[in-house]
>>> print(open('run23.txt').read())   # compact mmCIF, C-alpha atoms and all ligand atoms
# COMPACT_ATOMS: atom_id res chain seq x y z
CA MET A 1 32.03 -74.13 131.01
CA LEU A 2 30.29 -70.85 130.37
CA LEU A 3 32.49 -68.79 128.12
CA LYS A 4 32.09 -65.51 126.32
CA ILE A 5 33.95 -65.28 123.03
CA PRO A 6 34.07 -61.65 121.94
CA GLN A 7 33.83 -60.40 118.37
CA ILE A 8 33.05 -63.53 116.44
CA LEU A 9 31.57 -61.05 113.97
CA ASP A 10 33.07 -57.58 113.57
CA THR A 11 30.95 -54.48 112.89
CA ALA A 12 30.83 -55.15 109.14
CA GLY A 13 29.86 -58.80 109.74
CA VAL A 14 27.05 -57.81 112.11
CA ALA A 15 25.77 -55.23 109.60
CA ARG A 16 25.77 -57.84 106.83
CA ALA A 17 23.91 -60.33 109.05
CA ARG A 18 21.30 -57.72 109.96
CA GLU A 19 20.79 -56.86 106.28
CA LEU A 20 20.17 -60.54 105.44
CA LEU A 21 17.89 -61.02 108.47
CA ALA A 22 15.76 -58.06 107.41
CA ALA A 23 15.22 -59.55 103.93
CA ALA A 24 14.54 -63.17 104.92
CA PRO A 25 11.21 -64.92 105.63
CA TRP A 26 10.37 -65.72 109.31
CA ALA A 27 8.24 -68.46 110.85
CA ASP A 28 6.92 -69.59 114.24
CA GLY A 29 9.84 -70.76 116.40
CA ARG A 30 7.99 -73.81 117.71
CA SER A 31 8.66 -75.70 114.47
CA THR A 32 12.11 -76.87 115.62
CA ALA A 33 11.44 -77.37 119.34
CA GLY A 34 10.91 -80.69 121.12
CA ARG A 35 7.60 -81.34 122.90
CA GLN A 36 8.51 -79.87 126.30
CA ALA A 37 10.31 -76.89 124.76
CA ALA A 38 7.44 -76.11 122.38
CA GLN A 39 5.17 -75.48 125.37
CA VAL A 40 7.35 -72.63 126.62
CA LYS A 41 8.81 -71.34 123.35
CA ASN A 42 7.35 -68.13 121.98
CA ASN A 43 9.58 -66.53 119.38
CA GLU A 44 10.17 -66.42 115.66
CA GLN A 45 12.74 -68.27 113.70
CA LEU A 46 14.18 -67.74 110.24
CA GLN A 47 12.65 -70.16 107.74
CA SER A 48 15.23 -72.58 106.47
CA GLY A 49 16.04 -72.89 102.80
CA SER A 50 15.94 -69.24 101.72
CA PRO A 51 19.05 -67.81 100.00
CA GLN A 52 19.42 -65.34 102.90
CA HIS A 53 19.41 -68.22 105.38
CA ARG A 54 22.16 -70.01 103.50
CA ASP A 55 24.25 -66.82 103.28
CA LEU A 56 23.77 -66.22 107.00
CA GLN A 57 24.84 -69.77 107.86
CA ALA A 58 27.97 -69.42 105.73
CA LEU A 59 28.76 -66.04 107.31
CA VAL A 60 28.57 -67.45 110.85
CA LEU A 61 30.40 -70.72 110.11
CA GLN A 62 33.26 -68.91 108.37
CA ALA A 63 33.58 -66.48 111.27
CA LEU A 64 33.72 -69.38 113.76
CA GLU A 65 36.42 -71.14 111.78
CA LYS A 66 38.62 -68.04 111.80
CA HIS A 67 38.37 -67.51 115.56
CA PRO A 68 41.18 -69.26 117.51
CA LEU A 69 39.35 -69.08 120.87
CA PHE A 70 36.31 -70.82 119.44
CA PHE A 71 38.30 -73.90 118.42
CA SER A 72 40.19 -74.07 121.70
CA ALA A 73 37.04 -73.69 123.83
CA THR A 74 34.82 -76.16 121.98
CA LEU A 75 37.14 -78.62 120.16
CA PRO A 76 34.40 -79.10 117.58
CA LYS A 77 33.76 -82.41 115.90
CA ARG A 78 30.53 -81.33 114.21
CA VAL A 79 28.84 -77.94 114.22
CA LEU A 80 25.14 -77.99 113.41
CA PRO A 81 24.05 -75.39 110.83
CA PRO A 82 23.33 -72.12 112.66
CA LEU A 83 19.69 -71.09 113.11
CA PHE A 84 18.40 -67.57 113.71
CA ASN A 85 15.70 -66.22 115.99
CA ARG A 86 13.88 -63.02 116.82
CA TYR A 87 12.20 -62.02 120.06
CA ALA A 88 9.88 -59.00 119.73
CA GLY A 89 6.25 -57.89 120.16
CA GLU A 90 4.01 -60.78 121.18
CA ALA A 91 6.58 -63.49 120.36
CA ASN A 92 9.06 -62.37 122.96
CA ALA A 93 10.24 -65.11 125.35
CA TYR A 94 11.38 -68.71 125.78
CA GLY A 95 10.70 -70.34 129.16
CA SER A 96 12.99 -72.76 131.03
CA HIS A 97 13.99 -75.84 129.05
CA VAL A 98 16.88 -78.16 128.21
CA ASP A 99 17.86 -78.51 124.56
CA GLN A 100 17.40 -81.88 122.86
CA ALA A 101 20.39 -84.16 123.42
CA VAL A 102 20.54 -85.38 119.83
CA ARG A 103 19.73 -83.48 116.67
CA TYR A 104 19.79 -84.55 113.06
CA LEU A 105 22.06 -83.17 110.40
CA PRO A 106 20.51 -83.51 106.97
CA GLY A 107 22.95 -85.86 105.27
CA ALA A 108 23.82 -86.38 101.65
CA GLY A 109 23.56 -89.99 100.49
CA SER A 110 23.75 -91.96 103.72
CA GLY A 111 20.73 -90.22 105.30
CA PRO A 112 20.54 -87.91 108.32
CA GLN A 113 23.46 -87.91 110.74
CA ARG A 114 22.91 -87.90 114.50
CA VAL A 115 24.72 -85.12 116.36
CA ARG A 116 25.05 -85.02 120.16
CA THR A 117 24.57 -81.48 121.47
CA ASP A 118 27.46 -81.18 123.94
CA ILE A 119 27.64 -77.40 123.68
CA SER A 120 24.95 -74.78 123.08
CA CYS A 121 25.89 -71.46 121.48
CA THR A 122 24.17 -68.09 121.14
CA LEU A 123 25.63 -65.37 118.93
CA PHE A 124 24.07 -62.02 119.77
CA LEU A 125 23.20 -59.86 116.74
CA SER A 126 21.37 -56.89 118.30
CA ASP A 127 22.91 -53.97 120.17
CA PRO A 128 21.84 -54.39 123.84
CA ALA A 129 20.90 -50.69 123.92
CA ASP A 130 18.21 -51.38 121.30
CA TYR A 131 16.08 -53.70 123.45
CA ASP A 132 14.99 -54.28 127.04
CA GLY A 133 14.88 -57.75 128.59
CA GLY A 134 15.95 -60.68 126.43
CA GLU A 135 18.67 -61.94 128.79
CA LEU A 136 19.73 -65.53 128.26
CA VAL A 137 19.53 -67.01 131.76
CA ILE A 138 21.59 -70.15 132.29
CA GLU A 139 21.28 -72.26 135.45
CA HIS A 140 24.38 -74.02 136.66
CA SER A 141 25.92 -75.28 139.87
CA PHE A 142 26.93 -71.77 140.98
CA GLY A 143 23.46 -70.33 140.45
CA GLU A 144 22.01 -68.39 137.53
CA GLN A 145 24.03 -66.50 134.97
CA ARG A 146 22.27 -63.70 133.09
CA VAL A 147 23.84 -63.10 129.71
CA LYS A 148 23.27 -60.18 127.35
CA LEU A 149 26.20 -59.48 125.06
CA ALA A 150 27.26 -56.93 122.47
CA ALA A 151 26.30 -57.62 118.86
CA GLY A 152 28.87 -60.01 117.38
CA ASP A 153 29.77 -61.71 120.71
CA LEU A 154 29.15 -65.39 121.38
CA ILE A 155 28.32 -67.31 124.55
CA VAL A 156 29.05 -71.04 124.71
CA TYR A 157 27.54 -73.11 127.53
CA PRO A 158 26.96 -76.77 128.38
CA GLY A 159 24.19 -78.33 126.32
CA ASN A 160 22.74 -80.00 129.40
CA SER A 161 21.90 -76.76 131.27
CA VAL A 162 18.40 -75.53 131.97
CA HIS A 163 18.09 -72.10 130.35
CA ARG A 164 15.55 -69.53 129.23
CA VAL A 165 15.25 -66.20 127.42
CA GLU A 166 13.55 -63.44 129.42
CA PRO A 167 10.70 -61.51 127.77
CA VAL A 168 11.79 -58.70 125.45
CA THR A 169 9.73 -55.68 126.52
CA ARG A 170 11.10 -53.09 124.06
CA GLY A 171 12.70 -53.40 120.64
CA GLU A 172 13.80 -56.69 119.11
CA ARG A 173 16.47 -59.21 119.96
CA LEU A 174 18.08 -61.01 117.03
CA ALA A 175 20.48 -63.89 117.53
CA SER A 176 21.96 -66.95 115.94
CA PHE A 177 21.97 -70.21 117.89
CA PHE A 178 23.47 -73.60 117.20
CA TRP A 179 24.94 -76.70 118.79
CA ILE A 180 28.27 -78.45 118.73
CA GLU A 181 29.28 -82.04 119.19
CA SER A 182 32.76 -81.80 120.67
CA MET A 183 35.64 -84.18 120.05
CA VAL A 184 35.91 -84.19 123.86
CA ARG A 185 32.59 -85.19 125.35
CA ALA A 186 33.25 -84.45 129.04
CA GLU A 187 32.94 -80.82 130.02
CA GLU A 188 35.62 -81.03 132.73
CA GLN A 189 38.15 -82.39 130.23
CA ARG A 190 37.31 -79.65 127.72
CA ARG A 191 37.74 -77.03 130.42
CA LEU A 192 41.10 -78.43 131.49
CA LEU A 193 42.35 -78.47 127.89
CA TYR A 194 41.11 -74.92 127.31
CA GLU A 195 42.84 -73.56 130.41
CA MET A 196 46.03 -75.36 129.51
CA ASP A 197 45.94 -74.09 125.93
CA MET A 198 45.35 -70.48 127.02
CA SER A 199 48.22 -70.66 129.54
CA LEU A 200 50.55 -72.19 126.96
CA MET A 201 49.79 -69.39 124.52
CA LYS A 202 50.49 -66.75 127.15
CA LEU A 203 53.74 -68.39 128.27
CA ARG A 204 54.92 -68.76 124.68
CA GLY A 205 54.28 -65.03 124.16
CA ASP A 206 56.15 -64.12 127.35
CA LEU A 207 59.09 -66.52 127.15
CA GLY A 208 59.37 -67.69 123.57
CA GLU A 209 59.80 -71.38 122.86
CA THR A 210 61.60 -73.11 125.76
CA PRO A 211 62.27 -76.85 126.19
CA GLU A 212 59.71 -76.96 129.02
CA LEU A 213 57.08 -75.34 126.81
CA VAL A 214 57.74 -77.91 124.12
CA ARG A 215 57.12 -80.69 126.65
CA LEU A 216 54.00 -79.01 128.08
CA THR A 217 52.62 -78.50 124.57
CA GLY A 218 53.28 -82.18 124.01
CA ALA A 219 51.34 -82.97 127.20
CA TYR A 220 48.39 -80.90 125.88
CA HIS A 221 48.35 -82.82 122.63
CA ASN A 222 48.73 -86.15 124.34
CA LEU A 223 45.77 -85.40 126.65
CA LEU A 224 43.77 -84.42 123.58
CA ARG A 225 44.85 -87.64 121.85
CA MET A 226 43.74 -89.64 124.91
CA TRP A 227 40.32 -87.97 125.18
CA ALA A 228 39.38 -86.97 121.64
CA ASP A 229 36.92 -88.99 119.65
CA THR A 230 37.26 -87.83 116.06
NI NI B 301 17.48 -73.71 124.26
>>> encode(input="run23.txt", output="structure tokens")
Amino acid sequence: MLLKIPQILDTAGVARARELLAAAPWADGRSTAGRQAAQVKNNEQLQSGSPQHRDLQALVLQALEKHPLFFSATLPKRVLPPLFNRYAGEANAYGSHVDQAVRYLPGAGSGPQRVRTDISCTLFLSDPADYDGGELVIEHSFGEQRVKLAAGDLIVYPGNSVHRVEPVTRGERLASFFWIESMVRAEEQRRLLYEMDMSLMKLRGDLGETPELVRLTGAYHNLLRMWADT
């Protein structure tokens, strides 16, 4: 499911993120890519560990938690700490690749935790008018989707898709990217639950609470109970 979630960050949130990004140290983006991806990756990535990086991660994670659409669309079990990248100048593109299936979450005590990357996310942080190119191109069964969103908007897409970032030919493209392991592993089940949840919300707004809505809401939760791995 390819889904745009508007306004994860509002104008003030985007401005704060941009301020932190401008003050933080950057590094070659290849440091976190797998072997195949490193051959086609040419961008910069925020160095981990700086105070700005930690503030940025907290800013994004808090914004995600507050957004009702985000929960419904992804049913997150674990969200990997957001990373940040920049495409500009010579380091301006990322060729076709598939993200690694499993990533490691630095763990306290019991060692690193394995996280399955069911869902890939990109949060756009630059105004599209400020750069040319830089579309996120996602291949799926219906063809290619070219995605370039307003600053503060998020795209979520299946972690198993081949995707790329087109060369940025003017200006700079800043974004946050991260992965989610969902409680519901199968994409078709997540999509069904999302559509059901959205329809239930709309019906509740239109009709108020009716006995049928109570039963349908129960059916939603019972499907989730059947499919969720928590
Ligand atoms: Ni990728």
>>> closest_residue(input="run23.txt", among="A:Lys148, A:Arg215, A:Arg191, A:Arg204", to="Lys4 (chain A)", atoms="all atoms listed in the file")
A:Lys148
>>> residues_around(input="run23.txt", residues="Pro76 (chain A)", least_positions_apart="5", cutoff="10 Å", atoms="all atoms listed in the file", output="PyMOL selection string")
chain A and resi 70-71+118-119+179-184+230
>>> residues_near_ligand(input="run23.txt", ligand="ligand NI 301 (chain B)", cutoff="12 Å", atoms="all atoms listed in the file", output="PyMOL selection string")
chain A and resi 29-30+32-34+36-38+40-43+83+85+93-101+117+119-122+136-139+156-165+176-179
>>> residues_around(input="run23.txt", residues="Leu213 (chain A)", least_positions_apart="2", cutoff="8 Å", atoms="only C-alpha atoms", output="PyMOL selection string")
chain A and resi 200+203-204+209-211+215-217
>>> closest_residue(input="run23.txt", among="A:Leu154, A:Phe124, A:Val102, A:Arg190", to="Leu64 (chain A)", atoms="all atoms listed in the file")
A:Leu154
>>> atom_distance(input="run23.txt", atom1="CA of Glu187 (chain A)", atom2="CA of Phe84 (chain A)")
25.6 Å
>>> atom_distance(input="run23.txt", atom1="CA of Met226 (chain A)", atom2="CA of Glu212 (chain A)")
20.8 Å
>>> closest_residue(input="run23.txt", among="A:Arg35, A:Ala24, A:Asn222, A:Thr74", to="Pro51 (chain A)", atoms="all atoms listed in the file")
A:Ala24
>>> residues_around(input="run23.txt", residues="Ala63 (chain A)", least_positions_apart="6", cutoff="10 Å", atoms="all atoms listed in the file", output="list in words")
Gln7, Ile8, Leu9, Asp10, Gly13, Gln57 and Phe70 of chain A
>>> closest_residue(input="run23.txt", among="A:Val60, A:Gln45, A:Leu3, A:Ala12", to="Ser31 (chain A)", atoms="all atoms listed in the file")
A:Gln45
>>> atom_distance(input="run23.txt", atom1="CA of Gln47 (chain A)", atom2="CA of Ala73 (chain A)")
29.4 Å
>>> closest_residue(input="run23.txt", among="A:Glu44, A:Glu135, A:Asp197, A:Glu166", to="Asp28 (chain A)", atoms="all atoms listed in the file")
A:Glu44
>>> closest_residue(input="run23.txt", among="A:Val79, A:Leu21, A:Ala15, A:Ile5", to="Leu61 (chain A)", atoms="all atoms listed in the file")
A:Val79
>>> residues_around(input="run23.txt", residues="Arg170 (chain A)", least_positions_apart="4", cutoff="12 Å", atoms="all atoms listed in the file", output="number ranges by chain")
A: 87-92, 128-134, 166
>>> write_last_selection(input="run23.txt", atoms="C-alpha atoms", output="mmCIF file, in the coordinates of the input")
data_model
loop_
_atom_site.group_PDB
_atom_site.id
_atom_site.type_symbol
_atom_site.label_atom_id
_atom_site.label_comp_id
_atom_site.auth_asym_id
_atom_site.auth_seq_id
_atom_site.Cartn_x
_atom_site.Cartn_y
_atom_site.Cartn_z
ATOM 1 C CA TYR A 87 12.200 -62.020 120.060
ATOM 2 C CA ALA A 88 9.880 -59.000 119.730
ATOM 3 C CA GLY A 89 6.250 -57.890 120.160
ATOM 4 C CA GLU A 90 4.010 -60.780 121.180
ATOM 5 C CA ALA A 91 6.580 -63.490 120.360
ATOM 6 C CA ASN A 92 9.060 -62.370 122.960
ATOM 7 C CA PRO A 128 21.840 -54.390 123.840
ATOM 8 C CA ALA A 129 20.900 -50.690 123.920
ATOM 9 C CA ASP A 130 18.210 -51.380 121.300
ATOM 10 C CA TYR A 131 16.080 -53.700 123.450
ATOM 11 C CA ASP A 132 14.990 -54.280 127.040
ATOM 12 C CA GLY A 133 14.880 -57.750 128.590
ATOM 13 C CA GLY A 134 15.950 -60.680 126.430
ATOM 14 C CA GLU A 166 13.550 -63.440 129.420
#
